[in-house]
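Written out below as structure tokens is the structure these notes cover.
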Amino acid sequence: MDTDSEKGSWWKTLPGVLSGVAAVIAAVGGLVAVLSQSGFFAEKKAAPAVPAQAGAQQPSAGPSAVVTERADRTPDAGADQLLRRLAQANIRNSVGEATMRTWLADSDWYRLLARESLAVVGDRRLRRDGADLDKISFFYVASLGFKSENELPAGHAINRGKLTQAIIGAYNDSNGAGAKVLQDLLE
């Protein structure tokens, strides 16, 4: 008598079924890992503003102009000076003065963002509780489709139109307001 034919196929046994299911799960997991590493599941990000040649000034001075030069012409304004100017414009921070001073001293991004934010506000100041520079950064970076300023390309030139909208977003977030244009939140 044939003992194999009495037992049937090993696929019909519980260990056989479990082995088959485990093999399928492992294969699908491996495929997903390979596709993920190759960028198949990556989100499409908005193309960042293309900076002009170094040192070139954009012809448009409107709010949507891409800025490639520093707004502040003082040679490497210190963190303390930037903090004072930000306070005068009622651009604050939510991380504490010591942390913000460190960011302004050590981070090209926050120095550039601070200077450009001051240029957008001009000689005016934000009403009420103002806006936090780190929130302005968050709203600006998000408007470009990134999650962090660390994802911005090297030498990124700030787009003043998007920065203006980021200031409005940060102001509305801090003050529970619904301002749509910059003039609505300036004193």
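Residue numbers start at 1 in each chain; chains themselves are named A, B, ... in the order of the structure tokens; ligands are numbered from 1 in the order shown.
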Contacts of Ala166 of chain A at 7 Å (only C-alpha atoms; same-chain gap of 3+ positions) as a PyMOL selection string: chain A and resi 136+139-140+162-163+169-170
Residue contacts of Leu185 of chain A (9 Å, only C-alpha atoms) excluding same-chain residues fewer than 4 positions away, as a ChimeraX atom specification: /A:125-128,130,168,171,179-181
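Considering only C-alpha atoms, the residue among A:Ala26, A:Val32, A:Ile167, A:Val95 positioned nearest to Val120 of chain A is A:Ile167.
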Atom CA of Ser148 of chain A to atom CA of Leu182 of chain A, distance in Å rounded to a single decimal: 24.1 Å
Residue with smallest distance to Val121 of chain A - pool A:Ala177, A:Ala87, A:Met100, A:Leu186, counting only C-alpha atoms: A:Leu186
